[in-house]
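Student: Sharing a structure with you now.
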Protein chains: 2
Amino acid sequence: MMQAPNPHAITRKSLHHELVDRLQTLIINAELEPGSKVPEKLLCDQFGVSRTPLREALKVLASDGLVRLEPNRGAWVTRVTIEEVEEVFPVLGALEALSGELACKHISDDEIAAISDLHEQMMQSYKVRDLGAYFSINQKIHRAILLAARNGTLATSCQALSLRMQRARYLANMTQGRWQEAVHEHERILEFLAARDGPNLARTLMDHMNSKRLSVLRWLQSGGATTD
Amino acid sequence: MMQAPNPHAITRKSLHHELVDRLQTLIINAELEPGSKVPEKLLCDQFGVSRTPLREALKVLASDGLVRLEPNRGAWVTRVTIEEVEEVFPVLGALEALSGELACKHISDDEIAAISDLHEQMMQSYKVRDLGAYFSINQKIHRAILLAARNGTLATSCQALSLRMQRARYLANMTQGRWQEAVHEHERILEFLAARDGPNLARTLMDHMNSKRLSVLRWLQSGGATTD
DNA sequence: CAACGTAATTTTGAATTCATAATTAAGTCA
DNA sequence: TGACTTAATTATGAATTCAAAATTACGTTG
């Protein structure tokens, strides 16, 4: 037994940890559909593992809010609901604000230069309307600021909540107007970061998060969540 | 097999969920000593469960930072370190500040009355120097404000981080001076909450958390963590 | 045919088993 | 004796097994 012929089979390091990562990816990419049942057996086959480590991973994902465990009925992929968006974005706003404050205190010139560079790349992506690239660089910038804050707990908390908001491909819905607005907000973010102006960076990041909340809400309310 | 004669044996609901709760309690009460190895076998016997659900619970606790999993070497109870305190309290401060802001927006008169009542009880505990009762009511007040914020995500995040800071019995170290200061801070908290003054409540809660950080740090630096 | 009840099947939760890694104990030799 | 090997023991990670719950399939009756 064992030794699955499946090319996706996992071999290295702690199985359950690896599975948490993989399942997270499947969920945020909506390869596991929101609202659907987690196909335990299928995933075991695909990953070439037994149920034990997979179920361990599901318990962790449940505590992160990515799946919901129903007693004797298995695990279900959670949906991004309006209520959840209304809850998570304010929290993310407060955390990103703190992240901005701390980053201004600790960031090095090199890090500012690196973020500045990312910013330029992002602007290029905006000019050629490459939403995928834009979004990817955008995440890198936020991640870099979080890193500059020198607070691992803050980073972990932020990322966990961000993940929950990434489950949907709502970015496809971003209007030209909203995109332009987001770009403008990012200009200010870079400006305040370069000036190491903590309070203003904090406020801008919080506002930025609030804009995002509204954007996601619009998408949700216009039926964007109809994936099943 | 099964049917453990142990009176503490668990029978109801999802085993792993129950175990997460029980282990959390053991850890924050330091019945599982910080820095020590989690005695898997012993716990299985005590709870009358097999290793599978216990290990599932350990995975969840690890993702919450209460234990650390070392590959092929088992689970270890994490310690409260200076670095962790410096990281967690600022995050908690930001979250409690938000909690205060939101509570002022949503809290009902009845809830304010209930918190006011708790406050009076707490003052009584202070007068008679009953630190245990004081601490317990203190937690209830913070919990009540968190509840009034009407944001489950915020509440969950706060509680998870608070748990990590509760692992040690640092309250025993609270000086008379610090205690008086804390009481004074709580007077202001109640005042601003009753006035539904969000910004001031937010700032006061953040300051309160910062005071707590300093207090815990003093305890840690004076060797308070020497439990093994 | 539809609603109900019952048997077969599948899925789930948790205990058990098993291979392997880590630790401890025992033995060897300078 | 004490450092180093190697064997025995124990603990860990993960697969497997098993009982109970849930779901599905089937048949019965009105």
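Chain labels follow the order of the structure tokens: the first chain is A, the next B, and so on; residue numbering restarts at 1 in every chain, and ligands are counted from 1 in their shown order.
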Can you write out as JSON lines which residues of chain B fall within 7 Å of chain A, alongside each residue's closest atom pair and its distance in Å to one decimal, counting only C-alpha atoms and ordering rows by chain and ascending residue number?
Tutor:
{"residue": "B:Ser14", "atom": "CA", "partner": "A:Pro71", "partner_atom": "CA", "distance": 6.9}
{"residue": "B:Glu56", "atom": "CA", "partner": "A:Glu56", "partner_atom": "CA", "distance": 5.1}
{"residue": "B:Lys59", "atom": "CA", "partner": "A:Val60", "partner_atom": "CA", "distance": 6.6}
{"residue": "B:Val60", "atom": "CA", "partner": "A:Val60", "partner_atom": "CA", "distance": 5.0}
{"residue": "B:Ser63", "atom": "CA", "partner": "A:Val60", "partner_atom": "CA", "distance": 7.0}
{"residue": "B:Pro71", "atom": "CA", "partner": "A:Ser14", "partner_atom": "CA", "distance": 6.9}
{"residue": "B:Glu87", "atom": "CA", "partner": "A:Asn151", "partner_atom": "CA", "distance": 5.5}
{"residue": "B:Val88", "atom": "CA", "partner": "A:Thr153", "partner_atom": "CA", "distance": 6.2}
{"residue": "B:Val91", "atom": "CA", "partner": "A:Leu154", "partner_atom": "CA", "distance": 6.2}
{"residue": "B:Ala94", "atom": "CA", "partner": "A:Ala94", "partner_atom": "CA", "distance": 6.2}
{"residue": "B:Leu95", "atom": "CA", "partner": "A:Ala94", "partner_atom": "CA", "distance": 6.8}
{"residue": "B:Leu98", "atom": "CA", "partner": "A:Ala94", "partner_atom": "CA", "distance": 6.8}
{"residue": "B:Asn151", "atom": "CA", "partner": "A:Glu87", "partner_atom": "CA", "distance": 5.5}
{"residue": "B:Thr153", "atom": "CA", "partner": "A:Glu87", "partner_atom": "CA", "distance": 6.0}
{"residue": "B:Leu154", "atom": "CA", "partner": "A:Val91", "partner_atom": "CA", "distance": 6.2}
Student: Could you dump the residues just selected with N, CA and C atoms as a compact mmCIF listing (two decimals), in the first residue's frame?
Tutor:
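Result file follows (result.txt):
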# COMPACT_ATOMS: atom_id res chain seq x y z
N SER B 14 -18.32 16.90 19.78
CA SER B 14 -17.11 16.62 19.01
C SER B 14 -15.88 16.56 19.91
N GLU B 56 -5.44 15.91 16.86
CA GLU B 56 -6.15 16.92 16.08
C GLU B 56 -6.22 18.22 16.86
N LYS B 59 -2.98 20.14 16.88
CA LYS B 59 -2.73 20.88 15.64
C LYS B 59 -3.41 22.24 15.69
N VAL B 60 -4.63 22.27 16.19
CA VAL B 60 -5.37 23.54 16.29
C VAL B 60 -4.68 24.47 17.28
N SER B 63 -1.72 26.11 15.82
CA SER B 63 -2.00 27.23 14.92
C SER B 63 -2.42 28.46 15.72
N PRO B 71 8.70 18.40 14.60
CA PRO B 71 8.57 17.18 13.79
C PRO B 71 9.26 15.98 14.43
N GLU B 87 5.00 41.89 20.92
CA GLU B 87 4.23 41.78 19.68
C GLU B 87 2.73 41.79 19.92
N VAL B 88 2.30 40.99 20.89
CA VAL B 88 0.87 40.74 21.05
C VAL B 88 0.11 41.94 21.62
N VAL B 91 -0.99 44.62 19.17
CA VAL B 91 -2.09 44.13 18.34
C VAL B 91 -3.39 44.14 19.14
N ALA B 94 -4.75 47.64 19.44
CA ALA B 94 -5.46 48.10 18.24
C ALA B 94 -6.85 47.47 18.16
N LEU B 95 -6.92 46.19 18.49
CA LEU B 95 -8.21 45.51 18.40
C LEU B 95 -9.18 46.00 19.47
N LEU B 98 -10.55 49.37 18.50
CA LEU B 98 -11.65 49.21 17.55
C LEU B 98 -12.90 48.74 18.26
N ASN B 151 -19.21 42.40 16.62
CA ASN B 151 -18.31 41.94 15.56
C ASN B 151 -17.65 40.65 16.02
N THR B 153 -15.90 38.42 14.48
CA THR B 153 -14.52 38.22 14.04
C THR B 153 -13.56 38.93 14.98
N LEU B 154 -13.92 40.17 15.31
CA LEU B 154 -13.10 40.94 16.24
C LEU B 154 -13.01 40.22 17.59
Student: Residues of chain D near chain A: apply a cut-off of 10 Å, count only C-alpha atoms (C1' of nucleotides), and supply the list as a list in words.
Tutor: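 That gives DG13, DA14, DA15, DT16, DA20, DA21, DA22 and DT23 of chain D for chain D.
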Student: Could you save those same residues with N, CA and C atoms (P, O5', C5', C4', C3', O3' and C1' of nucleotides) as a short mmCIF file (atom, residue, chain, number, x, y, z; two decimals), in the first residue's frame?
Tutor:
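Contents of again15.cif, freshly written:
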data_model
loop_
_atom_site.label_atom_id
_atom_site.label_comp_id
_atom_site.auth_asym_id
_atom_site.auth_seq_id
_atom_site.Cartn_x
_atom_site.Cartn_y
_atom_site.Cartn_z
P DG D 13 4.72 13.87 15.55
"O5'" DG D 13 4.43 12.92 14.30
"C5'" DG D 13 5.48 12.63 13.42
"C4'" DG D 13 4.97 11.84 12.24
"C3'" DG D 13 3.72 12.42 11.57
"O3'" DG D 13 3.96 12.35 10.17
"C1'" DG D 13 3.29 10.19 12.28
P DA D 14 2.91 12.92 9.13
"O5'" DA D 14 2.08 11.62 8.74
"C5'" DA D 14 2.79 10.54 8.13
"C4'" DA D 14 1.91 9.32 8.08
"C3'" DA D 14 0.54 9.51 7.40
"O3'" DA D 14 0.45 8.53 6.39
"C1'" DA D 14 0.31 8.29 9.40
P DA D 15 -0.76 8.50 5.36
"O5'" DA D 15 -1.22 6.98 5.53
"C5'" DA D 15 -0.23 5.96 5.45
"C4'" DA D 15 -0.81 4.62 5.88
"C3'" DA D 15 -2.12 4.23 5.19
"O3'" DA D 15 -2.04 2.86 4.83
"C1'" DA D 15 -2.45 4.28 7.55
P DT D 16 -3.25 2.19 4.04
"O5'" DT D 16 -4.08 1.49 5.20
"C5'" DT D 16 -3.39 0.66 6.13
"C4'" DT D 16 -4.33 0.24 7.25
"C3'" DT D 16 -5.70 -0.27 6.78
"O3'" DT D 16 -5.83 -1.60 7.24
"C1'" DT D 16 -5.92 1.26 8.59
P DA D 20 -21.57 0.75 18.00
"O5'" DA D 20 -21.94 2.17 17.40
"C5'" DA D 20 -21.18 3.31 17.79
"C4'" DA D 20 -21.55 4.48 16.91
"C3'" DA D 20 -23.05 4.68 16.73
"O3'" DA D 20 -23.32 6.07 16.80
"C1'" DA D 20 -22.03 4.51 14.63
P DA D 21 -24.84 6.60 16.91
"O5'" DA D 21 -24.95 7.62 15.69
"C5'" DA D 21 -23.93 8.59 15.49
"C4'" DA D 21 -23.99 9.07 14.06
"C3'" DA D 21 -25.39 9.48 13.61
"O3'" DA D 21 -25.33 10.84 13.21
"C1'" DA D 21 -24.37 8.00 12.02
P DA D 22 -26.60 11.61 12.64
"O5'" DA D 22 -26.43 11.42 11.07
"C5'" DA D 22 -25.24 11.87 10.46
"C4'" DA D 22 -25.27 11.53 8.99
"C3'" DA D 22 -26.52 11.99 8.25
"O3'" DA D 22 -26.08 12.69 7.10
"C1'" DA D 22 -26.12 9.71 7.82
P DT D 23 -27.11 13.50 6.15
"O5'" DT D 23 -27.18 12.57 4.86
"C5'" DT D 23 -25.96 12.21 4.24
"C4'" DT D 23 -26.21 11.05 3.31
"C3'" DT D 23 -27.31 11.27 2.28
"O3'" DT D 23 -26.70 11.27 1.01
"C1'" DT D 23 -27.42 9.09 3.24
#
Student: I'd like the neighbourhood of region 134-146 of chain B as a list in words, where a residue qualifies if any of its atoms comes within 8 Å (using only C-alpha atoms (C1' of nucleotides)), though same-chain residues fewer than 3 positions away should be ignored.
Tutor: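 Using only C-alpha atoms (C1' of nucleotides), the neighbours found are Glu96, Ser99, Gly100, Ala103, Glu111, Ile115, Leu118, His119, Gln121, Met122, Met123, Ser125, Tyr126, Asp130, Leu131, Ala149, Arg150, Asn151, Leu154, Ala155 and Leu171 of chain B.
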Student: Which is closest to DC29 (chain C) among D:DT1, D:DT17, D:DT12, D:DT28, if we use only C-alpha atoms (C1' of nucleotides)?
Tutor: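 Nearest to DC29 (chain C): D:DT1.
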Student: I'd like to know which residues of chain B are strand (DSSP E or B) (by DSSP, run on the backbone); could you write them as a VMD selection string?
Tutor: chain B and resid 37 67 to 70 74 to 77
Student: Please identify every residue of chain C that has at least one atom no farther than 10 Å from an atom of chain A, counting only C-alpha atoms (C1' of nucleotides), and for each give the shortest atom pair and the distance in Å to one decimal, arranged by chain then increasing number, as a tab-separated table.
Tutor:
residue	atom	partner	partner_atom	distance
C:DT11	C1'	A:Arg73	CA	7.9
C:DT12	C1'	A:Asn72	CA	5.4
C:DG13	C1'	A:Asn72	CA	7.3
Student: I need the chosen residues saved as a PDB file, in the first residue's frame, with C-alpha atoms (C1' of nucleotides).
Tutor:
ATOM      1  C1'  DT C  11     -19.467   8.528   5.169  1.00  0.00           C
ATOM      2  C1'  DT C  12     -17.878  10.026   9.429  1.00  0.00           C
ATOM      3  C1'  DG C  13     -15.501   9.989  13.961  1.00  0.00           C
TER       4       DG C  13
END
Student: What is the CA of Arg79 (chain B)-CA of Gly35 (chain B) distance in Å, reported with one decimal?
Tutor: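 CA of Gly35 (chain B) lies 5.6 Å from CA of Arg79 (chain B).
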Student: How far is it from CA of Arg196 (chain B) to CA of Glu101 (chain B), in Å with one decimal?
Tutor: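 CA of Glu101 (chain B) lies 8.6 Å from CA of Arg196 (chain B).
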Student: Would you mind reading off the distance between CA of Leu205 (chain B) and CA of Cys104 (chain A), one decimal, in Å?
Tutor: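 Taking CA of Leu205 (chain B) and CA of Cys104 (chain A), their separation equals 22.6 Å.
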Student: Which polymer residues have any atom within 8 Å of an atom of region 2-11 of chain D, counting only C-alpha atoms (C1' of nucleotides), with same-chain residues fewer than 4 positions away left out, as an mmCIF file with C-alpha atoms (C1' of nucleotides), in the first residue's frame?
Tutor:
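Okay, result-v2.cif is ready:
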data_model
loop_
_atom_site.group_PDB
_atom_site.id
_atom_site.type_symbol
_atom_site.label_atom_id
_atom_site.label_comp_id
_atom_site.auth_asym_id
_atom_site.auth_seq_id
_atom_site.Cartn_x
_atom_site.Cartn_y
_atom_site.Cartn_z
ATOM 1 C CA ARG B 73 9.536 15.105 18.654
ATOM 2 C "C1'" DA C 22 14.032 9.411 18.388
ATOM 3 C "C1'" DT C 23 15.434 8.253 22.824
ATOM 4 C "C1'" DT C 24 17.275 5.417 26.236
ATOM 5 C "C1'" DA C 25 19.962 1.499 27.772
ATOM 6 C "C1'" DA C 26 23.593 -1.688 27.301
ATOM 7 C "C1'" DT C 28 32.650 -2.227 23.876
#
Student: Among the residues of region 44-216 of chain A, find those DSSP assigns to alpha helix (DSSP H) from the backbone and print them as a ChimeraX atom specification.
Tutor: /A:44-47,51-63,82-106,109-127,131-148,152-165,176-194,198-216
Student: Choose the residue, out of A:Val77, A:Ala114, A:Leu23, A:Met174, that has the smallest atom-to-atom separation from Arg213 (chain A); count only C-alpha atoms.
Tutor: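 So, comparing all the options, the nearest one is A:Met174.
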